[in-house]
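Notes follow once the structure below has been shown.
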Amino acid sequence: MGEIEHFLPLLAQREAEGTLTPLLTHGHVHFLWIQHANLYLVATTRKNANASLVYTFLYKMVEVFSEYFKELEEESVRDNFVIVYELLDELMDFGFPQTTDSKILQEYITQESNKLDTGGSRVPTTVTNAVSWRSEGLRYKKNEVFIDVIESVNLLVSATGSVLLSEVVGSIKLKVFLSGMPELRLGLNDRILFELTGRPGGKNKSVELEDVKFHQCVRLSRFDADRTISFVPPDGDFELMSYRLNTQVKPLIWIESVIEKFSHSRVEIMVKAKGQFKKQSVANGVEITVPVPSDVDSPKFKASMGSAKYVPERNVVLWSIKSFPGGKEYLLRAHFGLPSVEREEDEGRPPIAVRFEIPYFTVSGIQVRYMKIIEKSGYQALPWVRYITQSGDYQLRTS
Amino acid sequence: MTDSKYFTTNKKGEIFELKAELNNEKKEKRKEAVKKVIAAMTVGKDVSSLFPDVVNCMQTDNLELKKLVYLYLMNYAKSQPDMAIMAVNSFVKVVANAVAALSEISESHPNSNLLDLNPQNINKLLTALNECTEWGQIFILDCLSNYNPQDDREAQSICKRVTPWLSHANSAVVLSAVKVLMKFMELLPKESDYYNMLLKKLAPPLVTLLSGEPEVQYVALRNINLIVQKRPEILKQEIKVFFVKYNDPIYVKLEKLDIMIRLASQANIAQVLAELKEYATEVDVDFVRKAVRAIGRYAIKVEQSAERCVSTLLDLIQTKVNYVVQEAIVVIRDIFRKYPNKYESIIATLCENLDSLDEPDARAAMIWIVGEYAERIDNADELLESFLEGFHDESTQVQLTLLTAIVKLFLKKPSETQELVQHCFSRS
């Protein structure tokens, strides 16, 4: 079988030692691996390959397989091994990634066909064209574009209550149902763009994007030159761009907690949740996860809003509040018993985590000012915009 | 008819007919025409003037026709390279793959000059960069990083054309662009505005790489470690980004910790120490040890922080967690070595923890401290004697340290320790 036989034993050994890394070496062979469900995807190399290329490619492979099989795990690979072989053949050539766009691949590697017809086989021009992410000749009765601006808030608060890290990671996702090969231009209230074009400040608030990343369809040199975002979009869903900015804005949901542990007796937890965002907005699906020691029993809760439940498999209390308006404050009191024989090992102190979603709201103030759509047949298309803010990596350390 | 008939003209004749057929609306006619062109080419007729018309036929679904066009192109590319480059825009995947293949071959045959990188080729590569897929872009950027620009002006112009790629969604593209820029930056004059602007431009993409998948974060962190060593000014304002999160995989935590210390300075003492103290109370033994060692490195690196580091270490010793105490004592010994005669007040506390030391490094460290500051420790001789009891069971390192320490003690307190010294030499 070859070198790969050494992979699993090596993995097990390193895992036991606690020295597991994404790259494992056995002799002259390097294994670069990721895990997805119950599968390991392993790339092997003998040379000093470009590691980030390998990992991004492995994740891209997972994306393509997931598009084909909905769920990617051992069984779906077994059930579809022919397609897997065909895809692997197309995804990579002698170790160089080739076509990884699942929409394009789906045009000539389909679920039904097992064999390629020898006469008049259709290889989409997209495979060798400069625009490798969009096929020609698409037609829609109603031409529309849906724009979703999704901001995720990452927060890290120390045990003493000071904010260590507060950043917003934004993503602009598009759903494109347009005919032909349209040229799109997105206009945002980008501060640097305003400065370059000499727009007066004041009434028009602008957003300062610290770092921006674009889908490969966007003309990067144009953006670098004058901050214009212009592109020929892929068909259907895709992430056009992502951005990151640090924010001094008060954390949207602030948590104060007091955890009192009385050895051999009980644990008393008090959690106060404050909505520090404007009154007109409402946070939905708020879930506050409070870690508790693993040996607690007899949970008792009292919440001024929402409901709390003990989840023993995760050693946490889950406090759910369906609807949390801005400016409000809610309290949870939890009481647990502790066994008279105390645990030996140290359990660490996981942080309190918060999940939430606030529709029609952004922390950064970013705005889609326009979306110009130009196609040679000159049709009019409607863009629709939606904003939402959600929790990202939102954690508050406990003392 | 005049002699002018001997001159070929585009107005009539075979070439003219072929041209018309190549531009025919019907796909079948075009295919026939290309076949005729290939046939003419094979028998040596010059059909190079039909180049643009043939290349136009490339935009087709028909695999057979495509292959014929490629055949034509390959034939004329050698003799008409400028015309071939015109077709490159439709061909960029081929360019990228060719670059990748040539780079790989060059790597395994270092002395051959297969991929001759000169300014003209570099220009073509940079143009192809605009048009190919993300994977092709990675190959081309990696190839560019092997080039040595002739002067700072060329380096700057290439940097300008590469910087847009810092905004690509694919992390590998970003890292490859960073690689090119880091290399070429070396040639730029350090006081120039462009150089400083470039330094500022590099930070945000590096930080964003840390929001990726854990394996990509790992590769990014390993690279950032090198970048921080070479050009700490790029990330010196961003130390908070490397604060460890509870759910980071252990390999990410260890890398972040290492970088945190490299970026530690007088400006961020309080914050960094608070973080390190927090880490030292976590559960993963390896990580905790590294955090404690980091406190020591910090104290040694930034003198103004030493006092606070020492008090943090004392706090950690009070936790009585075995491996924390041992690691802390090793670190304190190093602090004593760097800053002699400054922190002896803590020696009493250290001596209280003697019994919990079972690792050779920790024992050796404690012995060194006792020996070095023997004159301040009343019962120094008793302490060293207790180590002497199990002399033969100790590691070589500990044995040697013990010998040295006892001799130092003897030199400082000769009368009391004569017996001890004799005892020691008889044992060893």
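Going by the structure tokens order, chains are called A, B, ..., each with residues numbered from 1, while ligands are numbered from 1 in the order shown.
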For range 362-365 of chain A, work out the shell of residues within 12 Å, counting only C-alpha atoms and skipping chain neighbours fewer than 2 positions away, then give it as an MDAnalysis selection string.
chainID A and resid 148:154 166:171 188:191 204:210 243:252 276:278 281 357:360 367:369 386:391
Can you list, as a PyMOL selection string, all residues belonging to range 229-309 of chain B that DSSP tags as helix (DSSP H, G or I)?
chain B and resi 229-230+232-234+239-242+250-263+266-279+285-301+303-309
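Look at Met305 in chain A: the protein and nucleic acid residues within 9 Å of it, using only C-alpha atoms and passing over chain neighbours fewer than 3 places away, are Lys302, Ser320, Ile321, Phe324, Tyr330, Leu331 and Leu332 of chain A.
We find CA of Pro325 in chain A and CA of Lys309 in chain A to be spaced 21.7 Å apart.
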Kindly determine which residues of chain B lie within 6 Å of chain A, considering only C-alpha atoms, and give the answer as a PyMOL selection string.
chain B and resi 61+90+131+164+167-169+172+204+215-216+251+282-283
Using only C-alpha atoms, which protein or nucleic acid residues come within 9 Å of Leu196 in chain A? Drop anything in the same chain fewer than 4 positions from it, and give the result as a ChimeraX atom specification.
/A:191-192,226-227
Selection from above, N, CA and C atoms, as a compact mmCIF listing (two decimals), in the first residue's frame, can you write it?
```txt
# COMPACT_ATOMS: atom_id res chain seq x y z
N ARG A 191 -14.31 54.26 3.78
CA ARG A 191 -13.67 55.53 4.11
C ARG A 191 -12.55 55.88 3.14
N ILE A 192 -11.73 54.88 2.82
CA ILE A 192 -10.60 55.18 1.93
C ILE A 192 -11.09 55.59 0.55
N ASP A 226 -7.85 52.03 -7.05
CA ASP A 226 -8.80 53.07 -6.66
C ASP A 226 -9.98 52.57 -5.85
N ARG A 227 -9.84 51.43 -5.19
CA ARG A 227 -10.87 50.89 -4.30
C ARG A 227 -12.18 50.58 -5.01
```
Go ahead and compute the interatomic distance for CA of Ala364 in chain B and CA of Leu254 in chain B, in Å to one decimal.
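Going from CA of Ala364 in chain B over to CA of Leu254 in chain B, I get 26.0 Å.
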Do you have the CA of Val180 in chain B-CA of Ala264 in chain B distance handy?
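Spanning CA of Val180 in chain B to CA of Ala264 in chain B is a straight-line distance of 27.1 Å.
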Neighbouring residues of Lys320 in chain B were defined as those with any atom within 12 Å, considering only C-alpha atoms; residues of the same chain fewer than 3 positions away were excluded. Please report them as a ChimeraX atom specification.
/B:281,313-317,323-328,349-350,352-357
Kindly save the residues from that selection, with all heavy atoms included, as a short mmCIF file (atom, residue, chain, number, x, y, z; two decimals), in the first residue's frame.
```
data_model
loop_
_atom_site.label_atom_id
_atom_site.label_comp_id
_atom_site.auth_asym_id
_atom_site.auth_seq_id
_atom_site.Cartn_x
_atom_site.Cartn_y
_atom_site.Cartn_z
N THR B 281 -2.52 28.76 34.53
CA THR B 281 -3.52 28.06 35.34
C THR B 281 -4.38 27.16 34.48
O THR B 281 -5.39 26.65 34.92
CB THR B 281 -4.42 29.05 36.08
OG1 THR B 281 -5.01 29.92 35.11
CG2 THR B 281 -3.63 29.88 37.06
N LEU B 313 5.65 34.97 39.33
CA LEU B 313 6.16 33.60 39.51
C LEU B 313 5.94 33.15 40.95
O LEU B 313 5.60 31.99 41.21
CB LEU B 313 7.64 33.54 39.15
CG LEU B 313 7.91 33.62 37.64
CD1 LEU B 313 9.37 33.91 37.37
CD2 LEU B 313 7.51 32.32 36.97
N LEU B 314 6.13 34.06 41.90
CA LEU B 314 5.88 33.70 43.29
C LEU B 314 4.42 33.30 43.50
O LEU B 314 4.12 32.31 44.16
CB LEU B 314 6.23 34.88 44.21
CG LEU B 314 7.69 35.00 44.59
CD1 LEU B 314 7.90 36.21 45.48
CD2 LEU B 314 8.18 33.75 45.31
N ASP B 315 3.52 34.08 42.91
CA ASP B 315 2.10 33.74 42.99
C ASP B 315 1.85 32.35 42.46
O ASP B 315 1.09 31.56 43.04
CB ASP B 315 1.25 34.71 42.16
CG ASP B 315 1.18 36.09 42.80
OD1 ASP B 315 1.46 36.18 44.01
OD2 ASP B 315 0.85 37.05 42.09
N LEU B 316 2.51 32.03 41.38
CA LEU B 316 2.30 30.70 40.76
C LEU B 316 2.86 29.60 41.64
O LEU B 316 2.28 28.51 41.73
CB LEU B 316 2.94 30.65 39.37
CG LEU B 316 2.23 31.51 38.32
CD1 LEU B 316 3.02 31.52 37.02
CD2 LEU B 316 0.83 30.98 38.05
N ILE B 317 3.98 29.90 42.31
CA ILE B 317 4.55 28.88 43.21
C ILE B 317 3.56 28.60 44.34
O ILE B 317 3.41 27.47 44.80
CB ILE B 317 5.92 29.34 43.75
CG1 ILE B 317 6.94 29.31 42.60
CG2 ILE B 317 6.38 28.45 44.89
CD1 ILE B 317 8.32 29.74 43.00
N TYR B 323 4.13 20.74 38.72
CA TYR B 323 4.98 21.07 37.57
C TYR B 323 5.13 22.59 37.43
O TYR B 323 6.12 23.06 36.87
CB TYR B 323 4.46 20.43 36.28
CG TYR B 323 2.99 20.62 35.99
CD1 TYR B 323 2.54 21.76 35.32
CD2 TYR B 323 2.05 19.66 36.37
CE1 TYR B 323 1.21 21.94 35.05
CE2 TYR B 323 0.71 19.84 36.11
CZ TYR B 323 0.29 20.98 35.45
OH TYR B 323 -1.03 21.15 35.18
N VAL B 324 4.16 23.35 37.93
CA VAL B 324 4.27 24.81 37.88
C VAL B 324 5.41 25.26 38.79
O VAL B 324 6.26 26.08 38.40
CB VAL B 324 2.95 25.48 38.30
CG1 VAL B 324 3.12 26.98 38.42
CG2 VAL B 324 1.85 25.16 37.33
N VAL B 325 5.43 24.72 40.00
CA VAL B 325 6.47 25.10 40.96
C VAL B 325 7.85 24.78 40.39
O VAL B 325 8.76 25.61 40.41
CB VAL B 325 6.27 24.35 42.29
CG1 VAL B 325 7.45 24.58 43.21
CG2 VAL B 325 4.99 24.80 42.96
N GLN B 326 7.99 23.59 39.85
CA GLN B 326 9.31 23.17 39.36
C GLN B 326 9.77 24.06 38.21
O GLN B 326 10.92 24.52 38.17
CB GLN B 326 9.24 21.71 38.90
CG GLN B 326 8.73 20.80 40.00
CD GLN B 326 9.34 19.44 39.94
OE1 GLN B 326 10.56 19.30 40.00
NE2 GLN B 326 8.50 18.43 39.84
N GLU B 327 8.86 24.31 37.27
CA GLU B 327 9.21 25.14 36.12
C GLU B 327 9.57 26.54 36.60
O GLU B 327 10.51 27.16 36.10
CB GLU B 327 8.01 25.16 35.16
CG GLU B 327 8.37 25.40 33.74
CD GLU B 327 9.22 24.31 33.10
OE1 GLU B 327 8.82 23.14 33.15
OE2 GLU B 327 10.28 24.67 32.57
N ALA B 328 8.82 27.02 37.59
CA ALA B 328 9.05 28.38 38.08
C ALA B 328 10.43 28.51 38.69
O ALA B 328 11.12 29.53 38.51
CB ALA B 328 7.98 28.76 39.10
N THR B 349 11.02 31.76 50.43
CA THR B 349 9.84 31.11 49.86
C THR B 349 10.24 29.92 49.00
O THR B 349 9.60 28.88 49.02
CB THR B 349 9.03 32.09 48.99
OG1 THR B 349 9.08 33.38 49.58
CG2 THR B 349 7.62 31.62 48.80
N LEU B 350 11.30 30.10 48.24
CA LEU B 350 11.73 29.02 47.35
C LEU B 350 12.13 27.81 48.18
O LEU B 350 11.79 26.68 47.85
CB LEU B 350 12.91 29.47 46.49
CG LEU B 350 12.68 30.67 45.56
CD1 LEU B 350 13.94 30.97 44.77
CD2 LEU B 350 11.53 30.40 44.62
N GLU B 352 11.09 26.85 50.90
CA GLU B 352 9.95 26.12 51.47
C GLU B 352 9.46 25.01 50.56
O GLU B 352 8.80 24.08 51.00
CB GLU B 352 8.77 27.08 51.68
CG GLU B 352 8.91 27.99 52.88
CD GLU B 352 7.89 29.12 52.82
OE1 GLU B 352 6.81 28.89 52.21
OE2 GLU B 352 8.17 30.20 53.35
N ASN B 353 9.74 25.14 49.27
CA ASN B 353 9.18 24.19 48.30
C ASN B 353 10.15 23.12 47.88
O ASN B 353 9.94 22.40 46.91
CB ASN B 353 8.71 24.95 47.07
CG ASN B 353 7.49 25.79 47.35
OD1 ASN B 353 6.39 25.30 47.42
ND2 ASN B 353 7.72 27.08 47.55
N LEU B 354 11.20 23.00 48.59
CA LEU B 354 12.26 22.06 48.24
C LEU B 354 11.75 20.64 48.04
O LEU B 354 12.16 19.95 47.11
CB LEU B 354 13.29 22.06 49.37
CG LEU B 354 14.73 21.99 48.93
CD1 LEU B 354 15.08 23.21 48.14
CD2 LEU B 354 15.62 21.88 50.15
N ASP B 355 10.85 20.24 48.92
CA ASP B 355 10.43 18.84 48.91
C ASP B 355 9.68 18.45 47.65
O ASP B 355 9.65 17.29 47.28
CB ASP B 355 9.53 18.55 50.12
CG ASP B 355 10.30 18.75 51.40
OD1 ASP B 355 11.52 18.47 51.38
OD2 ASP B 355 9.70 19.19 52.38
N SER B 356 9.05 19.41 47.03
CA SER B 356 8.24 19.03 45.86
C SER B 356 9.06 18.93 44.59
O SER B 356 8.55 18.65 43.52
CB SER B 356 7.10 20.04 45.67
OG SER B 356 7.61 21.34 45.78
N LEU B 357 10.38 19.16 44.69
CA LEU B 357 11.18 19.14 43.47
C LEU B 357 11.69 17.74 43.18
O LEU B 357 12.50 17.20 43.93
CB LEU B 357 12.38 20.10 43.63
CG LEU B 357 12.04 21.54 44.00
CD1 LEU B 357 13.32 22.35 44.09
CD2 LEU B 357 11.10 22.14 42.98
#
```
